[in-house]
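Reading through the structure tokens given below for one structure.
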Amino acid sequence: MKPYLSIRNLSVSLISGQRVLRSVSMELSKGAVRGLVGESGAGKSMIGKAILGILPHSLIIKEGEIYLEGVDLLSLTPNDRRKKIGTSAALIPQDPLTALNPSHRICRQIINRLIDILGWEKPDAIRRAYELLDEVQIPDAKRVMQSFPHELSGGMRQRILIASAFAAEPKLIIADEPTTALDVTVQKQILKLINEMQTRHGTAMLFITHDLGVVSKICQSLSVLYSGKVIEDTSVIKFFTKPKHSYSRALLAASPKYTDPKSNLIPVPEKVLSFVENQISLSDEAWMNDR
Amino acid sequence: MVSRQFNLKRKFGLRMWLASSWLACLFAVTLFAPLISPHDPLAQDLFSSRLPPFWMDGAEPGYYLGSDSLGRDVLSRIFYGGRIALSVALLAGIATCLVGTALGVISGYLGGWADLFISRLVDIWMAFPPVLFAILLIAVIGTGLTSIIIAIVVIDWTRFCRVIRAETKSQSAMDYVTSARVAGRSRLGIMLVEILPNVLPTIVVLLSLEMGIAVIVEAILSFVNLSISTDFPTWGGMISEGRTSIHQAWWVLVFPLVTLFLTVLSFSQLGEGLKDRFDPVLR
């Protein structure tokens, strides 16, 4: 089957020339969930931003293609790209506290999306918004719809963001660390909810996280990023049982174990570190040889 | 909901009450000036010149705050002068606000060249001494109410532009703007629907301050006779005339000065009060 989203040799650089993503490639088929893991600064979020066309001004796409439903996004005009992304993709942002506009009521924020993207009439949009709130298990939907974001809790806001991400029935959802800003107890509920919604709607999802536990629960495949490069692209089962790359092994070993809490951290191999420090001197081939 | 009502009560303090009631009184008085003024503000009566205010010896009934050297009633002139002051405050304040906010939001949201151009323009603009700039401008385009308003807009749009640009920049970094971009909103749509409502509190505060400044600028221009024609009373003009006879008739100078002072103070205090009221941390 043809992949729903496919990225080929995507390279992104700072204006100053420093490379942020190094020819990243990945594929995502319809209804599948791919995890994107890696440490801070590895470029996880940048991939999401590049797909959605919301890279900061200081970053430029050097080369590569991003195909969404067979259309190369980067070859479209900005206006067409915006429309294409608006109708077929959505974002679940990291921080529910800033992701809702503080001066609009919840109702307006959800229905605006339906009116803008799908061109619905207002009464239909409102009806759909109630259904969505019901689907993300928000009790007392009437009150919530008339509330401003600051009157709701973090978990509640994240539920609303999930509802509005799924509102226009996108085929692709990019979840950028959707549980990082939440309490551990709420995290679990939200994850369960995202998983349920994804399965029910059959949406493809790119799940950006640095929590391997989360990956094991909801993803089928995953890409490990380090310093802007995909160093391992594998299925979740293979990753947890037989990680190929030494960095992947170090990443797995970094989670403390109940059975052996005093075990030492495995440092990232020196070769990998020196690669980061002398990005110019070491070629990409030397980097890949470590497999 | 409970907490919001509580905040409303707490935040609408004495300062706000005093400031807004002074401004409300002034507004009512100037609006109904023809009905409540004891005299025609322009009627000269040399037999009753330099009459003292009502509590002093030699005061005449009807001249509550005395009369000037041409025998014109000070109170009536303050009422009518208030018409000019308040219309300048409202019109110039709103015009400045529109120009400055539009440029500020564009500069803050679009970034890049637009931002660079507008920001440098603001820098250059702010290097001119404002009052001299206004006087120069009036000298070129001529006197009159419209000229004063244009002068105020031209010298003061930068104040709005700077603050709104900064505020827009910090709002643009929020995830809700990103979400709107992903959803395919146009740039104009994002500026108007997403960002503008969130900088509105700042705009309201600045507008209130700007109105006070507009009153002062108008008074300065009237003081140097560059406002509207001298046969219409203005506070600045009264202060300027009162200055020449301060030893014989201090009241001609002091009453318009106090009115001006209280008005500008009220505008700035209203602004301060609104700032506290709208502070997102306390809200």
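Each chain of the structure tokens is named A, B, ... in the order shown, its residues numbered from 1; ligands are numbered from 1 in display order.
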What's around stretch 261-272 of chain B at 6 Å? Count only C-alpha atoms, leave out sequence neighbours fewer than 4 positions away in its own chain, and write the answer as a ChimeraX atom specification. /B:16,19,205,208-209,212
Filtering to C-alpha atoms, could you give me those residues as a CSV table (one decimal), in the first residue's frame?
chain,number,residue,atom,x,y,z
B,16,MET,CA,-10.6,54.1,39.2
B,19,ALA,CA,-10.6,59.1,37.8
B,205,VAL,CA,-4.6,50.9,28.7
B,208,SER,CA,-6.3,55.9,28.1
B,209,LEU,CA,-2.8,57.2,28.6
B,212,GLY,CA,-4.1,62.3,28.6
Fewer than 6 positions away in the same chain doesn't count, so skip those; otherwise give me all residues within 6 Å of B:Asp68, counting only C-alpha atoms, as a PyMOL selection string. chain B and resi 49-50+252
Go through chain B and flag each residue having an atom no more than 12 Å from chain A; for those, report the closest pair of atoms plus their distance in Å to one decimal, using only C-alpha atoms, ordered by chain and rising number, as CSV.
residue,atom,partner,partner_atom,distance
B:Met1,CA,A:Glu151,CA,8.3
B:Val2,CA,A:Glu151,CA,10.9
B:Ser3,CA,A:Glu151,CA,9.9
B:Arg4,CA,A:Glu151,CA,9.9
B:Tyr109,CA,A:His57,CA,11.5
B:Leu110,CA,A:His57,CA,9.9
B:Gly111,CA,A:His57,CA,8.5
B:Gly112,CA,A:His57,CA,8.1
B:Trp113,CA,A:His57,CA,11.5
B:Ser170,CA,A:Thr98,CA,11.3
B:Gln171,CA,A:Thr98,CA,9.4
B:Ser172,CA,A:Thr98,CA,10.7
B:Ala173,CA,A:Thr98,CA,9.3
B:Met174,CA,A:Thr98,CA,5.6
B:Asp175,CA,A:Ala99,CA,4.3
B:Tyr176,CA,A:Ala99,CA,4.0
B:Val177,CA,A:Ala99,CA,7.7
B:Thr178,CA,A:Ile54,CA,7.2
B:Ser179,CA,A:Leu91,CA,6.7
B:Ala180,CA,A:Arg113,CA,8.5
B:Arg181,CA,A:Ile54,CA,7.3
B:Val182,CA,A:Gly86,CA,5.7
B:Ala183,CA,A:Gly86,CA,4.3
B:Gly184,CA,A:Gly86,CA,4.6
B:Arg185,CA,A:Asp116,CA,7.6
B:Ser186,CA,A:Arg82,CA,8.5
B:Arg187,CA,A:Asn79,CA,10.6
B:Gly189,CA,A:Asp116,CA,10.6
B:Ile190,CA,A:Asn101,CA,11.1
B:Val193,CA,A:His104,CA,9.3
B:Glu194,CA,A:Asn101,CA,6.8
B:Ile195,CA,A:Asn101,CA,8.6
B:Leu196,CA,A:Ser103,CA,9.6
B:Pro197,CA,A:Ser103,CA,6.2
B:Asn198,CA,A:Ser103,CA,6.1
B:Val199,CA,A:Ser103,CA,9.7
B:Leu200,CA,A:Ser103,CA,9.6
B:Pro201,CA,A:Ser103,CA,10.5
B:Phe278,CA,A:Ser103,CA,11.8
B:Pro280,CA,A:Pro102,CA,9.5
B:Val281,CA,A:His150,CA,10.5
B:Leu282,CA,A:His150,CA,11.5
B:Arg283,CA,A:His150,CA,9.1
Generate the output file for the selected residues, C-alpha atoms, as a short mmCIF file (atom, residue, chain, number, x, y, z; two decimals), in the first residue's frame.
data_model
loop_
_atom_site.label_atom_id
_atom_site.label_comp_id
_atom_site.auth_asym_id
_atom_site.auth_seq_id
_atom_site.Cartn_x
_atom_site.Cartn_y
_atom_site.Cartn_z
CA MET B 1 -17.27 32.53 37.72
CA VAL B 2 -17.23 33.38 41.40
CA SER B 3 -13.59 34.40 41.32
CA ARG B 4 -14.17 36.73 38.38
CA TYR B 109 3.51 39.13 13.58
CA LEU B 110 5.06 39.22 10.13
CA GLY B 111 8.62 39.78 11.32
CA GLY B 112 11.33 39.84 8.68
CA TRP B 113 11.57 42.86 6.41
CA SER B 170 5.02 37.34 22.67
CA GLN B 171 1.51 36.29 21.65
CA SER B 172 2.77 34.99 18.29
CA ALA B 173 5.04 32.56 20.08
CA MET B 174 2.05 30.91 21.75
CA ASP B 175 0.84 27.53 20.54
CA TYR B 176 -2.62 28.78 19.71
CA VAL B 177 -1.17 30.87 16.90
CA THR B 178 0.68 27.78 15.64
CA SER B 179 -2.54 25.78 15.76
CA ALA B 180 -4.31 28.44 13.76
CA ARG B 181 -1.54 28.38 11.17
CA VAL B 182 -1.80 24.59 10.89
CA ALA B 183 -5.54 24.91 10.45
CA GLY B 184 -4.89 27.05 7.39
CA ARG B 185 -5.85 30.48 8.69
CA SER B 186 -4.52 33.35 6.60
CA ARG B 187 -2.05 35.82 8.09
CA GLY B 189 -7.10 36.20 9.85
CA ILE B 190 -4.58 35.25 12.51
CA VAL B 193 -9.01 36.94 15.12
CA GLU B 194 -6.27 35.32 17.20
CA ILE B 195 -3.82 38.05 18.18
CA LEU B 196 -5.83 41.26 18.30
CA PRO B 197 -8.25 40.13 21.05
CA ASN B 198 -5.25 39.22 23.19
CA VAL B 199 -3.50 42.56 22.84
CA LEU B 200 -6.76 44.44 23.36
CA PRO B 201 -6.17 44.94 27.12
CA PHE B 278 -6.59 43.43 32.81
CA PRO B 280 -3.59 38.31 32.97
CA VAL B 281 -1.86 37.04 36.09
CA LEU B 282 -4.50 38.52 38.35
CA ARG B 283 -7.38 37.91 36.00
#
Check the smallest atom-to-atom distance from each of A:Lys262, A:His245, A:Lys2, A:Lys217 to A:Gly70 using only C-alpha atoms, then report the winner.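 The shortest atom-to-atom distance to A:Gly70 comes from A:Lys2.
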Residue neighbourhood A:Lys122, 10 Å, only C-alpha atoms, exclusion window fewer than 5 positions, as a PyMOL selection string: chain A and resi 108+111-112+114-115+127-128
Can you list, as a VMD selection string, every protein, DNA or RNA residue that comes within 12 Å of A:Ala42 when you count only C-alpha atoms, leaving out same-chain residues fewer than 5 positions away? chain A and resid 19 to 22 24 36 to 37 47 208 to 210 223 to 231 276
Can you write just those residues out, N, CA and C atoms, as an mmCIF file, in the first residue's frame?
data_model
loop_
_atom_site.group_PDB
_atom_site.id
_atom_site.type_symbol
_atom_site.label_atom_id
_atom_site.label_comp_id
_atom_site.auth_asym_id
_atom_site.auth_seq_id
_atom_site.Cartn_x
_atom_site.Cartn_y
_atom_site.Cartn_z
ATOM 1 N N ARG A 19 23.318 22.445 10.400
ATOM 2 C CA ARG A 19 22.259 21.543 9.976
ATOM 3 C C ARG A 19 21.442 21.061 11.158
ATOM 4 N N VAL A 20 20.145 21.122 11.007
ATOM 5 C CA VAL A 20 19.234 20.723 12.075
ATOM 6 C C VAL A 20 18.673 19.338 11.790
ATOM 7 N N LEU A 21 18.317 19.086 10.539
ATOM 8 C CA LEU A 21 17.894 17.745 10.126
ATOM 9 C C LEU A 21 18.795 17.309 8.977
ATOM 10 N N ARG A 22 19.281 16.051 9.048
ATOM 11 C CA ARG A 22 20.191 15.566 8.009
ATOM 12 C C ARG A 22 19.531 14.460 7.222
ATOM 13 N N VAL A 24 16.558 13.285 6.440
ATOM 14 C CA VAL A 24 15.641 12.411 7.178
ATOM 15 C C VAL A 24 14.657 11.781 6.197
ATOM 16 N N LEU A 36 8.428 9.101 17.321
ATOM 17 C CA LEU A 36 9.673 9.801 17.007
ATOM 18 C C LEU A 36 10.350 10.049 18.335
ATOM 19 N N VAL A 37 11.458 9.345 18.585
ATOM 20 C CA VAL A 37 12.089 9.522 19.882
ATOM 21 C C VAL A 37 13.501 10.067 19.709
ATOM 22 N N ILE A 47 10.847 17.937 12.676
ATOM 23 C CA ILE A 47 10.242 17.140 11.609
ATOM 24 C C ILE A 47 8.753 17.453 11.529
ATOM 25 N N ILE A 208 5.460 12.346 18.690
ATOM 26 C CA ILE A 208 6.778 12.822 19.100
ATOM 27 C C ILE A 208 6.869 12.763 20.616
ATOM 28 N N THR A 209 7.876 12.082 21.122
ATOM 29 C CA THR A 209 7.982 11.963 22.573
ATOM 30 C C THR A 209 9.414 11.612 22.946
ATOM 31 N N HIS A 210 9.750 11.749 24.231
ATOM 32 C CA HIS A 210 11.018 11.189 24.649
ATOM 33 C C HIS A 210 10.795 10.120 25.714
ATOM 34 N N SER A 223 11.084 5.891 14.888
ATOM 35 C CA SER A 223 12.339 6.391 14.363
ATOM 36 C C SER A 223 13.100 7.004 15.522
ATOM 37 N N VAL A 224 14.352 6.605 15.652
ATOM 38 C CA VAL A 224 15.187 7.189 16.695
ATOM 39 C C VAL A 224 16.022 8.285 16.051
ATOM 40 N N LEU A 225 15.955 9.469 16.651
ATOM 41 C CA LEU A 225 16.709 10.583 16.097
ATOM 42 C C LEU A 225 17.870 10.935 17.004
ATOM 43 N N TYR A 226 18.972 11.261 16.365
ATOM 44 C CA TYR A 226 20.061 11.813 17.149
ATOM 45 C C TYR A 226 20.746 12.875 16.310
ATOM 46 N N SER A 227 20.862 14.051 16.853
ATOM 47 C CA SER A 227 21.525 15.147 16.166
ATOM 48 C C SER A 227 20.997 15.337 14.741
ATOM 49 N N GLY A 228 19.683 15.265 14.617
ATOM 50 C CA GLY A 228 19.067 15.568 13.332
ATOM 51 C C GLY A 228 19.103 14.450 12.321
ATOM 52 N N LYS A 229 19.483 13.259 12.770
ATOM 53 C CA LYS A 229 19.574 12.151 11.816
ATOM 54 C C LYS A 229 18.780 10.974 12.345
ATOM 55 N N VAL A 230 18.089 10.279 11.439
ATOM 56 C CA VAL A 230 17.392 9.065 11.862
ATOM 57 C C VAL A 230 18.433 7.964 11.949
ATOM 58 N N ILE A 231 18.704 7.467 13.147
ATOM 59 C CA ILE A 231 19.739 6.453 13.256
ATOM 60 C C ILE A 231 19.157 5.054 13.361
ATOM 61 N N VAL A 276 29.111 14.800 17.006
ATOM 62 C CA VAL A 276 28.375 16.036 17.247
ATOM 63 C C VAL A 276 29.327 17.212 17.365
#
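Across A:Gln198, A:Ser235, A:Ser13, A:Gln18, the tightest approach to A:Leu59 is made by A:Ser13 when counting only C-alpha atoms.
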Find the residue from A:Ile173, A:Ile61, A:Leu152, A:Leu191 that sits nearest to A:Leu206; use only C-alpha atoms when measuring.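 Nearest candidate to A:Leu206 out of A:Ile173, A:Ile61, A:Leu152, A:Leu191: A:Ile173.
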When DSSP is applied to the backbone of this structure, which of stretch 106-210 of chain B are assigned alpha helix (DSSP H)? Write them out as a PyMOL selection string. chain B and resi 106-110+112-126+130-141+145-172+175-182+187-189+196-210
B:Phe133 environment, 10 Å, only C-alpha atoms, sequence neighbours closer than 4 positions dropped, as a list in words: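 The filter keeps Trp125, Phe128, Pro129, Leu137, Ile138, Ala139, Ala151, Ile152, Val154 and Ile155 of chain B.
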C-alpha atoms of the current selection, written as a PDB file, in the first residue's frame:
ATOM      1  CA  TRP B 125      10.858  58.847  14.576  1.00  0.00           C
ATOM      2  CA  PHE B 128      12.765  63.820  17.031  1.00  0.00           C
ATOM      3  CA  PRO B 129      11.829  65.995  20.025  1.00  0.00           C
ATOM      4  CA  LEU B 137       4.171  70.252  11.607  1.00  0.00           C
ATOM      5  CA  ILE B 138       1.476  72.779  12.561  1.00  0.00           C
ATOM      6  CA  ALA B 139       3.582  75.527  11.017  1.00  0.00           C
ATOM      7  CA  ALA B 151       0.087  66.410  14.642  1.00  0.00           C
ATOM      8  CA  ILE B 152      -0.674  64.213  17.644  1.00  0.00           C
ATOM      9  CA  VAL B 154       2.166  61.817  13.704  1.00  0.00           C
ATOM     10  CA  ILE B 155       4.227  62.330  16.832  1.00  0.00           C
TER      11      ILE B 155
END
What is the distance between atom CA of B:Leu35 and atom CA of B:Ile213, in Å to one decimal?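 Distance between the two atoms: 28.7 Å.
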Need to verify the contact set: B:Trp157, 10 Å, only C-alpha atoms, exclusion of same-chain residues closer than 5 positions in sequence. Can you return it as a PyMOL selection string? chain B and resi 93+95-104+122+125-126+152+162+210
